[in-house]
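Trainee: This is data_37.tsv (TSV, C-alpha atoms and all ligand atoms).
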```
chain	number	residue	atom	x	y	z
A	1	MET	CA	127.81	96.29	87.22
A	2	ILE	CA	124.31	96.42	85.82
A	3	HIS	CA	123.49	93.96	83.12
A	4	PRO	CA	120.62	94.32	80.73
A	5	ALA	CA	117.58	92.31	81.64
A	6	ASP	CA	115.42	90.67	79.05
A	7	VAL	CA	112.92	92.94	77.41
A	8	ALA	CA	109.17	92.58	77.41
A	9	PRO	CA	106.74	94.37	75.10
A	10	ASP	CA	105.06	96.21	77.98
A	11	GLY	CA	108.33	97.90	78.82
A	12	LEU	CA	108.68	96.11	82.12
A	13	PHE	CA	112.17	94.73	81.76
A	14	GLY	CA	114.44	97.04	79.89
A	15	HIS	CA	117.83	98.55	79.83
A	16	GLY	CA	117.81	100.79	76.79
A	17	ALA	CA	116.03	103.49	78.76
A	18	LEU	CA	119.34	104.41	80.33
A	19	HIS	CA	120.74	105.39	76.99
A	20	ARG	CA	117.67	106.13	74.92
A	21	PRO	CA	114.94	107.41	77.23
A	22	GLY	CA	112.27	107.37	74.55
A	23	ARG	CA	112.64	103.67	73.94
A	24	ALA	CA	112.50	102.17	77.38
A	25	GLY	CA	112.01	98.45	77.08
A	26	ALA	CA	110.81	98.55	73.49
A	27	ALA	CA	110.14	95.08	72.14
A	28	ASP	CA	112.90	95.36	69.56
A	29	GLU	CA	115.58	96.01	72.19
A	30	ALA	CA	117.34	92.67	72.24
A	31	PRO	CA	119.08	91.54	75.42
A	32	GLY	CA	122.82	92.09	75.27
A	33	LEU	CA	122.98	95.86	75.33
A	34	PRO	CA	126.18	97.19	76.90
A	35	PRO	CA	126.07	97.08	80.70
A	36	SER	CA	125.78	100.38	82.52
A	37	ASP	CA	129.11	101.53	83.87
A	38	VAL	CA	127.55	103.08	86.97
A	39	PRO	CA	129.13	101.31	89.97
A	40	LEU	CA	126.95	100.25	92.87
A	41	SER	CA	129.29	101.22	95.67
A	42	LEU	CA	128.74	102.52	99.19
A	43	ALA	CA	129.75	105.96	97.93
A	44	HIS	CA	126.67	105.92	95.71
A	45	LEU	CA	124.25	104.69	98.38
A	46	VAL	CA	121.47	107.24	98.93
A	47	GLY	CA	119.02	105.19	100.95
A	48	LEU	CA	118.45	101.93	102.76
A	49	GLY	CA	115.00	100.44	102.98
A	50	ARG	CA	113.77	97.22	104.52
A	51	SER	CA	113.59	95.50	101.16
A	52	SER	CA	116.17	97.42	99.15
A	53	GLU	CA	119.33	99.44	98.81
A	54	VAL	CA	119.02	102.61	96.76
A	55	PHE	CA	122.00	103.90	94.76
A	56	ARG	CA	122.63	107.14	92.93
A	57	HIS	CA	122.64	106.32	89.24
A	58	GLY	CA	123.98	109.02	86.99
A	59	ARG	CA	123.01	112.60	87.69
A	60	GLY	CA	119.25	112.40	87.76
A	61	HIS	CA	118.35	108.84	88.74
A	62	VAL	CA	118.54	106.28	91.51
A	63	LEU	CA	118.50	102.51	91.26
A	64	LYS	CA	116.34	100.81	93.88
A	65	LEU	CA	117.94	97.38	94.09
A	66	TYR	CA	115.85	94.77	95.87
A	67	ARG	CA	117.71	92.75	98.51
A	68	ALA	CA	115.95	89.50	97.58
A	69	PRO	CA	117.74	87.62	94.81
A	70	GLY	CA	116.04	87.02	91.48
A	71	ARG	CA	113.00	88.91	90.38
A	72	PRO	CA	110.44	89.12	93.22
A	73	PRO	CA	106.89	89.82	92.00
A	74	ALA	CA	106.88	92.98	94.15
A	75	VAL	CA	109.29	94.57	91.66
A	76	VAL	CA	106.76	94.36	88.86
A	77	THR	CA	103.95	95.60	91.11
A	78	GLU	CA	106.08	98.54	92.24
A	79	PHE	CA	107.08	99.44	88.69
A	80	ARG	CA	103.52	99.24	87.37
A	81	ALA	CA	102.00	101.12	90.31
A	82	ALA	CA	104.61	103.90	90.29
A	83	ARG	CA	104.17	104.34	86.52
A	84	LEU	CA	100.41	104.44	86.87
A	85	ALA	CA	100.48	106.91	89.78
A	86	HIS	CA	102.92	109.16	87.95
A	87	ALA	CA	100.82	109.06	84.77
A	88	LEU	CA	97.77	110.01	86.85
A	89	GLY	CA	99.60	113.17	87.93
A	90	LEU	CA	100.25	112.10	91.52
A	91	PRO	CA	103.51	113.29	93.13
A	92	VAL	CA	105.57	110.16	92.50
A	93	PRO	CA	109.10	109.83	91.07
A	94	ARG	CA	109.06	108.58	87.49
A	95	ALA	CA	109.91	104.88	87.18
A	96	VAL	CA	112.07	104.48	84.08
A	97	ALA	CA	112.95	100.78	83.73
A	98	ILE	CA	113.54	97.50	85.50
A	99	LEU	CA	117.20	96.49	85.52
A	100	GLU	CA	119.21	93.53	86.69
A	101	SER	CA	122.45	93.59	88.59
A	102	GLU	CA	124.35	90.51	89.66
A	103	GLY	CA	121.31	88.34	90.14
A	104	ARG	CA	119.24	91.05	91.81
A	105	THR	CA	116.53	93.21	90.31
A	106	GLY	CA	116.05	96.91	90.62
A	107	ILE	CA	113.99	99.82	89.39
A	108	LEU	CA	115.51	102.93	87.93
A	109	PHE	CA	113.69	105.97	89.31
A	110	GLU	CA	113.92	109.68	88.84
A	111	ARG	CA	116.00	110.96	91.78
A	112	LEU	CA	114.26	113.09	94.40
A	113	HIS	CA	116.08	115.48	96.70
A	114	GLY	CA	115.04	115.87	100.32
A	115	GLY	CA	114.62	113.96	103.56
A	116	THR	CA	111.70	111.73	104.42
A	117	MET	CA	108.57	112.91	106.21
A	118	LEU	CA	109.78	110.79	109.15
A	119	ASP	CA	112.98	112.87	109.31
A	120	ALA	CA	110.79	115.99	109.40
A	121	CYS	CA	108.73	114.56	112.30
A	122	ARG	CA	111.88	113.70	114.23
A	123	ARG	CA	113.40	117.12	113.64
A	124	ARG	CA	110.28	119.02	114.63
A	125	PRO	CA	108.16	116.77	116.88
A	126	LEU	CA	105.49	119.42	117.31
A	127	ALA	CA	104.94	119.45	113.53
A	128	THR	CA	104.11	115.73	113.54
A	129	LEU	CA	100.37	116.36	113.43
A	130	THR	CA	100.80	118.77	110.52
A	131	GLU	CA	102.86	116.16	108.69
A	132	LEU	CA	100.23	113.49	109.33
A	133	GLY	CA	97.66	115.89	107.86
A	134	ARG	CA	99.82	116.13	104.73
A	135	LEU	CA	100.11	112.34	104.65
A	136	ALA	CA	96.33	112.08	104.82
A	137	ARG	CA	95.92	114.51	101.89
A	138	LEU	CA	98.41	112.51	99.83
A	139	GLN	CA	96.57	109.27	100.52
A	140	HIS	CA	93.24	110.93	99.82
A	141	ALA	CA	94.52	111.98	96.36
A	142	ILE	CA	95.87	108.46	95.70
A	143	ASN	CA	92.64	106.76	96.74
A	144	ALA	CA	90.60	109.09	94.52
A	145	CYS	CA	92.22	107.36	91.49
A	146	GLU	CA	91.43	103.97	90.03
A	147	GLY	CA	94.05	101.22	89.82
A	148	PRO	CA	92.33	98.33	88.07
A	149	SER	CA	95.48	96.72	86.65
A	150	LEU	CA	97.08	96.16	90.06
A	151	PRO	CA	96.83	93.07	92.30
A	152	ASP	CA	93.47	92.65	94.01
A	153	GLN	CA	93.64	93.92	97.61
A	154	ARG	CA	91.49	91.22	99.25
A	155	GLU	CA	93.25	88.43	97.35
A	156	ALA	CA	96.69	89.79	98.35
A	157	LEU	CA	95.55	89.97	101.98
A	158	ARG	CA	94.02	86.50	101.89
A	159	LEU	CA	97.34	84.99	100.75
A	160	GLN	CA	99.17	86.74	103.59
A	161	VAL	CA	96.56	85.71	106.17
A	162	GLU	CA	96.87	82.10	105.02
A	163	GLY	CA	100.63	82.15	105.57
A	164	ALA	CA	100.58	84.16	108.82
A	165	ARG	CA	102.03	82.86	112.10
A	166	VAL	CA	98.73	82.75	114.01
A	167	PRO	CA	96.58	80.05	115.66
A	168	GLY	CA	93.96	78.46	113.40
A	169	ALA	CA	91.04	80.19	115.12
A	170	VAL	CA	92.55	83.64	114.51
A	171	ARG	CA	93.25	82.80	110.88
A	172	ARG	CA	89.67	81.59	110.36
A	173	ALA	CA	88.26	84.74	111.96
A	174	ALA	CA	90.44	86.91	109.70
A	175	ILE	CA	89.42	85.00	106.56
A	176	ALA	CA	85.75	85.29	107.56
A	177	ALA	CA	86.17	89.05	108.18
A	178	LEU	CA	87.84	89.44	104.81
A	179	ALA	CA	84.97	87.69	103.06
A	180	ARG	CA	82.55	90.27	104.51
A	181	LEU	CA	84.65	93.25	103.40
A	182	PRO	CA	83.99	95.11	100.16
A	183	GLY	CA	86.14	94.86	97.04
A	184	GLY	CA	87.06	97.96	95.09
A	185	LEU	CA	89.00	99.33	92.18
A	186	ARG	CA	90.66	102.32	93.80
A	187	LEU	CA	94.38	102.83	93.77
A	188	CYS	CA	95.74	101.87	97.21
A	189	HIS	CA	99.40	102.35	98.13
A	190	GLY	CA	99.34	99.61	100.76
A	191	ASP	CA	102.33	100.87	102.78
A	192	LEU	CA	101.88	104.60	103.21
A	193	HIS	CA	103.74	105.90	106.25
A	194	PRO	CA	106.07	108.86	106.93
A	195	GLU	CA	109.17	106.93	105.87
A	196	ASN	CA	107.75	106.38	102.40
A	197	VAL	CA	107.32	110.07	101.66
A	198	ILE	CA	110.19	112.26	100.48
A	199	CYS	CA	109.81	115.98	101.16
A	200	ALA	CA	111.24	117.39	97.93
A	201	PRO	CA	111.58	121.16	97.37
A	202	ASN	CA	108.45	121.07	95.19
A	203	GLY	CA	106.39	119.16	97.76
A	204	PRO	CA	106.03	115.69	99.26
A	205	HIS	CA	106.44	112.71	96.91
A	206	VAL	CA	105.29	109.14	97.57
A	207	ILE	CA	107.78	106.30	97.07
A	208	ASP	CA	107.80	102.53	97.66
A	209	TRP	CA	104.78	101.23	95.73
A	210	GLN	CA	105.59	97.52	96.04
A	211	LYS	CA	102.47	96.73	98.11
A	212	ALA	CA	100.10	98.72	95.88
A	213	THR	CA	96.75	97.14	95.11
A	214	SER	CA	93.40	97.81	93.55
A	215	GLY	CA	90.83	97.91	96.32
A	216	ASP	CA	88.94	99.77	99.02
A	217	PRO	CA	90.36	103.08	100.38
A	218	ALA	CA	89.18	102.12	103.90
A	219	ALA	CA	91.79	99.33	103.89
A	220	ASP	CA	94.50	101.79	102.89
A	221	VAL	CA	93.52	104.13	105.73
A	222	ALA	CA	93.41	101.20	108.17
A	223	ARG	CA	96.85	100.03	107.06
A	224	THR	CA	98.42	103.46	107.61
A	225	ALA	CA	96.74	103.74	111.02
A	226	LEU	CA	98.04	100.28	111.90
A	227	LEU	CA	101.58	101.23	110.86
A	228	LEU	CA	101.40	104.35	113.01
A	229	ARG	CA	100.14	102.26	115.92
A	230	TYR	CA	102.29	99.10	115.60
A	231	GLY	CA	104.86	99.77	112.85
A	232	ARG	CA	108.59	99.88	113.38
A	233	ILE	CA	108.71	103.58	112.56
A	234	ASP	CA	110.03	105.67	115.41
A	235	LEU	CA	108.18	108.96	115.35
A	236	GLY	CA	110.66	110.52	117.72
A	237	ARG	CA	110.13	112.69	120.75
A	238	LEU	CA	106.41	113.38	120.32
A	239	ALA	CA	105.50	109.70	120.53
A	240	ARG	CA	108.06	109.18	123.30
A	241	ARG	CA	106.80	112.04	125.42
A	242	LEU	CA	103.39	110.46	125.77
A	243	PRO	CA	103.11	106.94	127.17
A	244	ILE	CA	104.18	104.93	124.07
A	245	ASP	CA	101.01	102.94	123.62
A	246	ALA	CA	98.64	105.81	124.25
A	247	GLY	CA	100.76	108.17	122.15
A	248	ARG	CA	100.85	105.92	119.13
A	249	ALA	CA	97.18	105.00	119.45
A	250	ALA	CA	96.40	108.74	119.53
A	251	LEU	CA	98.42	109.37	116.36
A	252	ALA	CA	96.61	106.52	114.59
A	253	TRP	CA	93.25	107.90	115.76
A	254	PHE	CA	94.20	111.38	114.57
A	255	TYR	CA	95.19	110.02	111.17
A	256	VAL	CA	91.82	108.30	110.62
A	257	GLU	CA	90.16	111.55	111.70
A	258	CYS	CA	92.17	113.52	109.11
A	259	ARG	CA	91.02	111.17	106.36
A	260	ARG	CA	87.42	111.31	107.58
A	261	GLU	CA	87.47	115.12	107.50
A	262	LEU	CA	88.67	114.98	103.90
A	263	GLY	CA	85.58	112.95	103.04
A	264	GLY	CA	87.28	109.57	103.44
A	265	PRO	CA	85.88	106.40	105.00
A	266	GLY	CA	84.19	106.43	108.41
A	267	ARG	CA	85.66	104.89	111.55
A	268	GLU	CA	83.60	101.70	111.35
A	269	GLU	CA	84.53	101.06	107.72
A	270	VAL	CA	88.20	101.47	108.65
A	271	ALA	CA	87.94	99.35	111.81
A	272	ALA	CA	86.43	96.46	109.84
A	273	TRP	CA	89.80	95.93	108.08
A	274	ARG	CA	91.84	95.79	111.30
A	275	LEU	CA	91.73	92.05	111.97
A	276	PRO	CA	92.84	90.85	108.51
A	277	LEU	CA	95.48	93.59	108.37
A	278	LEU	CA	96.86	92.73	111.81
A	279	VAL	CA	97.01	89.03	110.91
A	280	ALA	CA	98.64	89.84	107.54
A	281	ARG	CA	101.34	91.68	109.47
A	282	LEU	CA	102.32	88.34	110.99
A	283	TYR	CA	103.34	87.07	107.58
A	284	GLY	CA	106.86	87.34	106.16
A	285	GLN	CA	109.74	88.86	108.09
A	286	PRO	CA	108.96	88.77	111.85
A	287	ALA	CA	108.85	92.17	113.55
A	288	ALA	CA	110.28	92.86	117.01
A	289	ASN	CA	106.77	93.49	118.38
A	290	GLU	CA	105.25	90.32	116.91
A	291	ALA	CA	103.83	89.27	120.32
A	292	GLU	CA	102.04	92.61	120.72
A	293	VAL	CA	100.51	92.38	117.23
A	294	LEU	CA	99.44	88.79	117.83
A	295	ALA	CA	97.82	89.74	121.15
A	296	ALA	CA	95.88	92.54	119.42
A	297	ALA	CA	94.78	90.14	116.65
A	298	GLU	CA	93.68	87.55	119.23
A	299	ARG	CA	91.66	90.15	121.11
A	300	LEU	CA	89.87	91.25	117.94
A	301	ALA	CA	89.31	87.67	116.74
A	302	SER	CA	87.74	86.70	120.07
A	303	ARG	CA	85.19	89.51	119.67
A	304	THR	CA	83.95	88.39	116.24
B	401	LIG	N1	113.40	108.29	93.91
B	401	LIG	C1	114.22	108.44	94.96
B	401	LIG	N2	115.05	109.51	95.05
B	401	LIG	C2	115.87	109.66	96.11
B	401	LIG	N3	115.96	108.80	97.13
B	401	LIG	C3	115.17	107.71	97.11
B	401	LIG	C4	114.25	107.48	96.03
B	401	LIG	N4	113.59	106.32	96.27
B	401	LIG	C5	114.07	105.87	97.44
B	401	LIG	N5	115.01	106.69	97.96
B	401	LIG	C6	115.75	106.51	99.24
B	401	LIG	O1	115.83	105.13	99.56
B	401	LIG	C7	115.11	104.86	100.78
B	401	LIG	C8	114.41	103.51	100.66
B	401	LIG	O2	113.48	103.54	99.58
B	401	LIG	P1	112.14	102.68	99.58
B	401	LIG	O3	111.56	102.74	98.20
B	401	LIG	O4	111.26	103.11	100.70
B	401	LIG	O5	112.72	101.22	99.86
B	401	LIG	P2	112.10	99.96	100.70
B	401	LIG	O6	111.05	99.37	99.81
B	401	LIG	O7	113.25	99.04	100.87
B	401	LIG	O8	111.54	100.50	101.99
B	401	LIG	C9	114.20	106.05	100.98
B	401	LIG	O9	113.92	106.30	102.33
B	401	LIG	C10	115.03	107.19	100.39
B	401	LIG	O10	116.00	107.61	101.32
B	402	MG	MG	110.13	102.06	102.20
```
Could you render the structure from this file as structure tokens?
Mentor:
Amino acid sequence: MIHPADVAPDGLFGHGALHRPGRAGAADEAPGLPPSDVPLSLAHLVGLGRSSEVFRHGRGHVLKLYRAPGRPPAVVTEFRAARLAHALGLPVPRAVAILESEGRTGILFERLHGGTMLDACRRRPLATLTELGRLARLQHAINACEGPSLPDQREALRLQVEGARVPGAVRRAAIAALARLPGGLRLCHGDLHPENVICAPNGPHVIDWQKATSGDPAADVARTALLLRYGRIDLGRLARRLPIDAGRAALAWFYVECRRELGGPGREEVAAWRLPLLVARLYGQPAANEAEVLAAAERLASRT
């Protein structure tokens, strides 16, 4: 059962939106509204992410329920960023309200229909490069916007670098690299990869804005390239046909090239973010390829 969360004037925590769309989270909506009767059962599950379970919610919505108990700060970032991106006219499902359910927090989103871009790559491996071109155009459109109200990119990275599982020398090199990198006010998604794009009938839509920041587009490009190179996403037969390392490195290279051709940041600007981003990847939940990422970070750190 979903219980109403407390309501804040900025519309962040609300419940009324379910019943009265025009009044989502209005300040006069007192807590204690009737709970939604939409059950969160396996039959309603439409997606599983690393940080959430996503349930069908009524006819036109889904509830993205975070796995972590309580109200992780990422929920607020995701809600704010998705609202901002949608208001800017980017292809993003509308975020309606933040809800609570049995001690967990979720966001009510407009429901999209379609598989992910990753599904499309797996189904048609030879179309992977075309899909990456589409991903680059989406990111280019996102980075063309400003996102001043979101968390600061360098500050968010610095916190992750400080908590990362790396030797002191690597951490110091990453912090020093970060200090030399430019700030910025552009809207950055922070986790753009083919699994975070839904190919709806009216075109690809970007989901999962919890790592969104205000910052430098070069960092956003570098992060996507890094996810293509080291992320857990399995791009299917295309990446498997080539030797894995070379194949994934080639896809990452191709992606940066796509962004460059669209007028995005140059290779050196992108490469400058690699060390702090690699180190930041060694923060939080450990990945299966942690040793590989650490080795890459150590190599880069030793060159600085
Ligand atoms: N607005 C939506 N409409 C339909 N399905 C969605 C929507 N948002 C997420 N999903 C489904 O849930 C999955 C996980 O969502 P995501 O936001 O990426 O969660 P996580 O942050 O846990 O990775 C997606 O791959 C997709 O299948
Ligand atoms: Mg996701």
Trainee: Show me which residues line ligand LIG 401 (chain B), defined as having an atom within 6 Å of a ligand atom where all atoms listed in the file count, and present them as a ChimeraX atom specification.
Mentor: /A:46-52,54,62,93,109-113,195-196,207-208
Trainee: Counting all atoms listed in the file, which of A:Asp152, A:Glu162, A:Asp191, A:Asp119 gets nearest to ligand MG 402 (chain B)?
Mentor: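 When distances to ligand MG 402 (chain B) are compared using all atoms listed in the file, the smallest one comes from A:Asp191.
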Trainee: Just checking: using all atoms listed in the file, which residue out of A:Ala218, A:Leu42, A:Val197, A:Leu228 ends up closest to ligand MG 402 (chain B)?
Mentor: A:Val197
Trainee: Kindly compute an axis-aligned box around the listed atoms of segment 141-152 of chain A, allowing 5 Å on each side, and express its centre and edge lengths in Å to one decimal as JSON.
Mentor:
```
{"center_x": 93.8, "center_y": 102.3, "center_z": 91.7, "size_x": 16.5, "size_y": 29.3, "size_z": 20.1}
```
Trainee: Go through A:Ala97, A:Ala280, A:Glu78, A:Leu118 and flag the residue nearest His61 of chain A, using all atoms listed in the file for the distances.
Mentor: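 Closest to His61 of chain A of all the choices is A:Ala97.
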Trainee: Find the residues around segment 154-160 of chain A up to 10 Å (only C-alpha atoms counted), leave out those fewer than 2 positions away in its own chain, and share them as an NGL selection string.
Mentor: :A and (151-152 or 162-165 or 171 or 174-175 or 178-179 or 181-184 or 211-216 or 219 or 276-277 or 279-284)
Trainee: Could you save those same residues with C-alpha atoms as a PDB file, in the coordinates of the input?
Mentor:
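In the end it all went to again-v2.pdb:
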```pdb
ATOM      1  CA  PRO A 151      96.830  93.070  92.300  1.00  0.00           C
ATOM      2  CA  ASP A 152      93.470  92.650  94.010  1.00  0.00           C
ATOM      3  CA  GLU A 162      96.870  82.100 105.020  1.00  0.00           C
ATOM      4  CA  GLY A 163     100.630  82.150 105.570  1.00  0.00           C
ATOM      5  CA  ALA A 164     100.580  84.160 108.820  1.00  0.00           C
ATOM      6  CA  ARG A 165     102.030  82.860 112.100  1.00  0.00           C
ATOM      7  CA  ARG A 171      93.250  82.800 110.880  1.00  0.00           C
ATOM      8  CA  ALA A 174      90.440  86.910 109.700  1.00  0.00           C
ATOM      9  CA  ILE A 175      89.420  85.000 106.560  1.00  0.00           C
ATOM     10  CA  LEU A 178      87.840  89.440 104.810  1.00  0.00           C
ATOM     11  CA  ALA A 179      84.970  87.690 103.060  1.00  0.00           C
ATOM     12  CA  LEU A 181      84.650  93.250 103.400  1.00  0.00           C
ATOM     13  CA  PRO A 182      83.990  95.110 100.160  1.00  0.00           C
ATOM     14  CA  GLY A 183      86.140  94.860  97.040  1.00  0.00           C
ATOM     15  CA  GLY A 184      87.060  97.960  95.090  1.00  0.00           C
ATOM     16  CA  LYS A 211     102.470  96.730  98.110  1.00  0.00           C
ATOM     17  CA  ALA A 212     100.100  98.720  95.880  1.00  0.00           C
ATOM     18  CA  THR A 213      96.750  97.140  95.110  1.00  0.00           C
ATOM     19  CA  SER A 214      93.400  97.810  93.550  1.00  0.00           C
ATOM     20  CA  GLY A 215      90.830  97.910  96.320  1.00  0.00           C
ATOM     21  CA  ASP A 216      88.940  99.770  99.020  1.00  0.00           C
ATOM     22  CA  ALA A 219      91.790  99.330 103.890  1.00  0.00           C
ATOM     23  CA  PRO A 276      92.840  90.850 108.510  1.00  0.00           C
ATOM     24  CA  LEU A 277      95.480  93.590 108.370  1.00  0.00           C
ATOM     25  CA  VAL A 279      97.010  89.030 110.910  1.00  0.00           C
ATOM     26  CA  ALA A 280      98.640  89.840 107.540  1.00  0.00           C
ATOM     27  CA  ARG A 281     101.340  91.680 109.470  1.00  0.00           C
ATOM     28  CA  LEU A 282     102.320  88.340 110.990  1.00  0.00           C
ATOM     29  CA  TYR A 283     103.340  87.070 107.580  1.00  0.00           C
ATOM     30  CA  GLY A 284     106.860  87.340 106.160  1.00  0.00           C
TER      31      GLY A 284
END
```
Trainee: What does the distance from atom CA of Gly106 of chain A to atom CA of Leu88 of chain A come to in Å, to one decimal?
Mentor: 22.8 Å
Trainee: Which is closer to ligand MG 402 (chain B) than all the others in A:Arg299, A:Arg232, A:Arg104, A:His140, using all atoms listed in the file?
Mentor: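 Checking each candidate against ligand MG 402 (chain B), we get A:Arg232 as the closest.
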Trainee: To one decimal place, how far is atom CA of Ala127 of chain A from atom CA of Pro265 of chain A in Å?
Mentor: 24.6 Å
Trainee: Enter the distance from atom CA of Ser149 of chain A to atom CA of Pro217 of chain A, in Å, rounded to one decimal.
Mentor: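 Atom CA of Ser149 of chain A sits 16.0 Å away from atom CA of Pro217 of chain A.
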Trainee: When you count all atoms listed in the file, which of these residues is closest to ligand MG 402 (chain B): A:Ile198, A:Val96, A:Leu138, A:Leu129?
Mentor: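 Of the candidates, the smallest distance to ligand MG 402 (chain B) is held by A:Ile198.
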Trainee: Using all atoms listed in the file, which residue out of A:Met117, A:Val166, A:Ala296, A:Val221 lies closest to Arg259 of chain A?
Mentor: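 The closest residue to Arg259 of chain A is A:Val221.
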Trainee: Excluding Ala141 of chain A and any residue of its chain fewer than 6 positions from it, enumerate the residues within 12 Å of it, using all atoms listed in the file, and give them as a ChimeraX atom specification.
Mentor: /A:85,88-92,134-135,186-189,205-206,217,259,262-264
Trainee: Near Gly133 of chain A, counting all atoms listed in the file, which residues have an atom at most 8 Å away, once you skip same-chain residues fewer than 3 positions from it, shown as number ranges by chain?
Mentor: A: 129-130, 136-137, 255, 258
Trainee: Find the spatial neighbours of Asp245 of chain A, counting all atoms listed in the file, within a cut-off of 12 Å - ignore same-chain residues fewer than 5 positions away - and output them as a VMD selection string.
Mentor: chain A and resid 228 to 231 239 to 240 250 to 252 292
Trainee: What's the 12 Å shell around Val76 of chain A, counting only C-alpha atoms, without same-chain residues fewer than 2 positions away, as a PyMOL selection string?
Mentor: chain A and resi 8+10-13+66+71-74+78-83+95+97-99+105-107+149-151+209-212
